[in-house]
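Asker: Mind having a look at this structure? Questions to follow.
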Amino acid sequence: MKNTAVAFTGVNQVELHELPVPEPAAGEALVETRRTLISTGTELTCLGRRFEPGSHWDEWVKYPFYSGYTGAGVVVKTGAGVTAFKAGDRVATRTGHQRYVTAAESALVRIPDAVSDDEAVWFGIACIVQNGVRRAHHELGDAVVIIGLGLLGQLAVQFTSLLGAREIVAIDTAPRRLEMARAHGATLTLQKSAAEARADVLAATGGRLADVVYDITGHPSVLPLTFPLTRTLGKIVLLGDAGTPTQQHLTGELISRGLSIIGAHDNNPPKTANDHAWWTRNHMADLFMTYVAQRRMRVADLITHRFTPVQAPEAYRRLTEDRATAMGVVFDWSQG
């Protein structure tokens, strides 16, 4: 068995590495990958080193950097003590772009029969977005603005729709992204910058502005542009980790209008569920799988590009040159 992995070996340098096939330790399973999903925002930030020296990004991205964090595959073998899974079971894993991976039994997510590999591979992104939506503590009938309609933004549209948002205003400059958002629950799409959107948001909300505004761009200049779109005492959720956070600035509106800024990160959910904090990553992943199986969420139609692993350098080159027309970009490990 050959174990191929996608590696970043320098700024904008992508290679395929051959690694040993790992052996599952006690409590682990060996998984053969079928699909992995490129997290375009995170991975392009890492690939281009688009972050500040000394930031957590700088500490994280060391070469060779093995990218990716969401996959779907099938269990090949299990280590001692594994009881919930067996060879042949379909599972989703928080692992990188690699043909064979090991994962702790506690971290494996079972894929229902009604959910395809193309759908299951979105679970990692879905958990990140679900955590952000939970941090916002929505109420039925909220007016929501979502700025940035990449992978996370598209799922934020669907999750806030499921939560009963009255208005979902989606803002981006890419027409294709707006079409997707409109097809998945956005009530109003605006092809413009956030700086130009206030009049439209006022009209859509009857003059009240948004209860919750999501900044999912990862661009530091956007944060102050969210304030004029948010109602007094409203909430702003930062669901995009800027590589240059020191360039994010506040304005006087934050205090004078009593706005709340909520940070949301993948590491927020508790590792173990309890009565005070039930929604672990696995619980959120299971909920996402349920929504997809029930056809209450759609993600397969968000896939725009599909590559084999050997095409990885080409995949990242195309994303770097033309990200606006790409949405879900999948590596199909069953091909080559």
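As shown in the structure tokens, the chain order sets the letters A, B, ...; within each chain, residues go from 1, and ligands are also counted from 1 in the order they appear.
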List the spatial neighbours of stretch 56-62 of chain A as an MDAnalysis selection string - criterion: any atom at most 12 Å away, only C-alpha atoms, same-chain residues fewer than 2 positions off excluded.
Answerer: chainID A and resid 7:11 42:54 64:67 241:245
Asker: Could you give me, as a list in words, each residue of stretch 40-77 of chain A that DSSP assigns to strand (DSSP E or B) when run on this structure's backbone?
Answerer: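 Residues meeting the strand (DSSP E or B) criterion: Phe65, Tyr66, Gly71, Ala72, Gly73, Val74, Val75, Val76 and Lys77 of chain A.
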Asker: I need the residues of stretch 244-336 of chain A that end up classed as alpha helix (DSSP H) by DSSP on the backbone, written out as a ChimeraX atom specification.
Answerer: /A:253-256,281-293,312-321
Asker: Can you spit out the residues from that selection as a compact mmCIF listing (two decimals), in the first residue's frame, using N, CA and C atoms?
Answerer:
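Saved to part_30.txt:
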```
# COMPACT_ATOMS: atom_id res chain seq x y z
N GLU A 253 -18.64 53.25 17.30
CA GLU A 253 -19.96 52.62 17.30
C GLU A 253 -20.03 51.41 18.22
N LEU A 254 -18.92 50.74 18.39
CA LEU A 254 -18.92 49.54 19.22
C LEU A 254 -19.45 49.86 20.62
N ILE A 255 -18.99 50.96 21.20
CA ILE A 255 -19.41 51.32 22.55
C ILE A 255 -20.70 52.12 22.53
N SER A 256 -20.79 53.11 21.64
CA SER A 256 -21.95 54.00 21.67
C SER A 256 -23.26 53.28 21.36
N ARG A 281 -17.66 18.42 19.02
CA ARG A 281 -17.48 18.28 17.56
C ARG A 281 -18.26 17.08 17.02
N ASN A 282 -18.19 15.95 17.74
CA ASN A 282 -18.87 14.76 17.25
C ASN A 282 -20.39 14.92 17.25
N HIS A 283 -20.93 15.57 18.27
CA HIS A 283 -22.37 15.80 18.28
C HIS A 283 -22.79 16.71 17.13
N MET A 284 -21.97 17.75 16.88
CA MET A 284 -22.30 18.65 15.78
C MET A 284 -22.15 17.94 14.44
N ALA A 285 -21.15 17.06 14.33
CA ALA A 285 -20.97 16.30 13.09
C ALA A 285 -22.15 15.37 12.85
N ASP A 286 -22.60 14.70 13.91
CA ASP A 286 -23.76 13.81 13.77
C ASP A 286 -25.00 14.60 13.35
N LEU A 287 -25.18 15.80 13.90
CA LEU A 287 -26.33 16.61 13.53
C LEU A 287 -26.26 17.01 12.06
N PHE A 288 -25.08 17.40 11.61
CA PHE A 288 -24.90 17.74 10.20
C PHE A 288 -25.25 16.55 9.31
N MET A 289 -24.75 15.36 9.67
CA MET A 289 -25.05 14.16 8.88
C MET A 289 -26.56 13.92 8.83
N THR A 290 -27.23 14.15 9.95
CA THR A 290 -28.68 13.96 10.00
C THR A 290 -29.39 14.93 9.07
N TYR A 291 -28.99 16.20 9.11
CA TYR A 291 -29.61 17.19 8.23
C TYR A 291 -29.40 16.83 6.76
N VAL A 292 -28.20 16.37 6.42
CA VAL A 292 -27.93 15.99 5.02
C VAL A 292 -28.75 14.77 4.63
N ALA A 293 -28.80 13.77 5.51
CA ALA A 293 -29.58 12.57 5.22
C ALA A 293 -31.06 12.89 5.05
N ALA A 312 -2.72 17.76 -7.36
CA ALA A 312 -2.74 18.73 -6.26
C ALA A 312 -2.03 20.04 -6.60
N PRO A 313 -0.82 20.02 -7.19
CA PRO A 313 -0.19 21.30 -7.53
C PRO A 313 -1.07 22.16 -8.45
N GLU A 314 -1.72 21.51 -9.43
CA GLU A 314 -2.60 22.24 -10.33
C GLU A 314 -3.83 22.76 -9.60
N ALA A 315 -4.35 21.99 -8.67
CA ALA A 315 -5.53 22.41 -7.92
C ALA A 315 -5.26 23.69 -7.15
N TYR A 316 -4.15 23.74 -6.44
CA TYR A 316 -3.84 24.93 -5.64
C TYR A 316 -3.45 26.10 -6.53
N ARG A 317 -2.80 25.82 -7.66
CA ARG A 317 -2.48 26.92 -8.59
C ARG A 317 -3.75 27.57 -9.09
N ARG A 318 -4.73 26.76 -9.48
CA ARG A 318 -5.98 27.33 -9.99
C ARG A 318 -6.73 28.09 -8.92
N LEU A 319 -6.71 27.58 -7.69
CA LEU A 319 -7.36 28.28 -6.59
C LEU A 319 -6.69 29.62 -6.32
N THR A 320 -5.37 29.64 -6.39
CA THR A 320 -4.63 30.88 -6.14
C THR A 320 -4.93 31.92 -7.21
N GLU A 321 -5.08 31.47 -8.46
CA GLU A 321 -5.29 32.40 -9.57
C GLU A 321 -6.75 32.82 -9.73
```
Asker: Could you tell me which of A:Met180, A:Val169, A:Leu19, A:Gly27 comes closest to A:Glu105 if we count only C-alpha atoms?
Answerer: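 Using only C-alpha atoms, A:Glu105 sits closest to A:Gly27.
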Asker: Determine, counting only C-alpha atoms, which protein, DNA and RNA residues have an atom within 9 Å of an atom of stretch 266-270 of chain A; residues of the same chain fewer than 3 positions away are not included. Present the result as a PDB file with N, CA and C atoms, in the first residue's frame.
Answerer:
```pdb
ATOM      1  N   CYS A 127     -18.932  21.749  11.132  1.00  0.00           N
ATOM      2  CA  CYS A 127     -18.762  21.890  12.574  1.00  0.00           C
ATOM      3  C   CYS A 127     -18.213  23.268  12.934  1.00  0.00           C
ATOM      4  N   ILE A 128     -17.301  23.785  12.127  1.00  0.00           N
ATOM      5  CA  ILE A 128     -16.758  25.120  12.373  1.00  0.00           C
ATOM      6  C   ILE A 128     -17.868  26.165  12.296  1.00  0.00           C
ATOM      7  N   VAL A 129     -18.695  26.059  11.256  1.00  0.00           N
ATOM      8  CA  VAL A 129     -19.785  27.019  11.083  1.00  0.00           C
ATOM      9  C   VAL A 129     -20.834  26.833  12.172  1.00  0.00           C
ATOM     10  N   ASN A 131     -20.472  25.823  15.161  1.00  0.00           N
ATOM     11  CA  ASN A 131     -19.985  26.422  16.406  1.00  0.00           C
ATOM     12  C   ASN A 131     -20.201  27.934  16.400  1.00  0.00           C
ATOM     13  N   GLY A 132     -19.901  28.583  15.268  1.00  0.00           N
ATOM     14  CA  GLY A 132     -20.097  30.029  15.184  1.00  0.00           C
ATOM     15  C   GLY A 132     -21.553  30.422  15.320  1.00  0.00           C
ATOM     16  N   ALA A 273     -18.865  16.052  26.395  1.00  0.00           N
ATOM     17  CA  ALA A 273     -20.176  16.667  26.614  1.00  0.00           C
ATOM     18  C   ALA A 273     -20.566  16.625  28.084  1.00  0.00           C
ATOM     19  N   ASN A 274     -21.271  17.675  28.509  1.00  0.00           N
ATOM     20  CA  ASN A 274     -21.851  17.699  29.850  1.00  0.00           C
ATOM     21  C   ASN A 274     -23.144  18.507  29.784  1.00  0.00           C
ATOM     22  N   ALA A 277     -22.506  22.060  28.529  1.00  0.00           N
ATOM     23  CA  ALA A 277     -21.941  22.222  27.178  1.00  0.00           C
ATOM     24  C   ALA A 277     -22.025  20.883  26.466  1.00  0.00           C
ATOM     25  N   TRP A 278     -23.127  20.677  25.772  1.00  0.00           N
ATOM     26  CA  TRP A 278     -23.403  19.381  25.156  1.00  0.00           C
ATOM     27  C   TRP A 278     -22.750  19.216  23.797  1.00  0.00           C
ATOM     28  N   TRP A 279     -22.641  20.312  23.025  1.00  0.00           N
ATOM     29  CA  TRP A 279     -22.335  20.187  21.605  1.00  0.00           C
ATOM     30  C   TRP A 279     -20.838  20.081  21.337  1.00  0.00           C
ATOM     31  N   THR A 280     -20.332  18.847  21.442  1.00  0.00           N
ATOM     32  CA  THR A 280     -18.964  18.548  21.048  1.00  0.00           C
ATOM     33  C   THR A 280     -18.874  18.533  19.521  1.00  0.00           C
ATOM     34  N   ARG A 281     -17.658  18.417  19.015  1.00  0.00           N
ATOM     35  CA  ARG A 281     -17.481  18.280  17.556  1.00  0.00           C
ATOM     36  C   ARG A 281     -18.258  17.084  17.021  1.00  0.00           C
TER      37      ARG A 281
END
```
Asker: Would you mind telling me which residue in A:Thr226, A:Thr40, A:Gln98, A:Ser221 lies nearest to A:Thr246 when using only C-alpha atoms?
Answerer: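 So, comparing all the options, the nearest one is A:Ser221.
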Asker: Check the smallest atom-to-atom distance from each of A:Met297, A:Met327, A:Leu155, A:Leu259 to A:Leu239 using only C-alpha atoms, then report the winner.
Answerer: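 Closest to A:Leu239, using only C-alpha atoms: A:Leu155.
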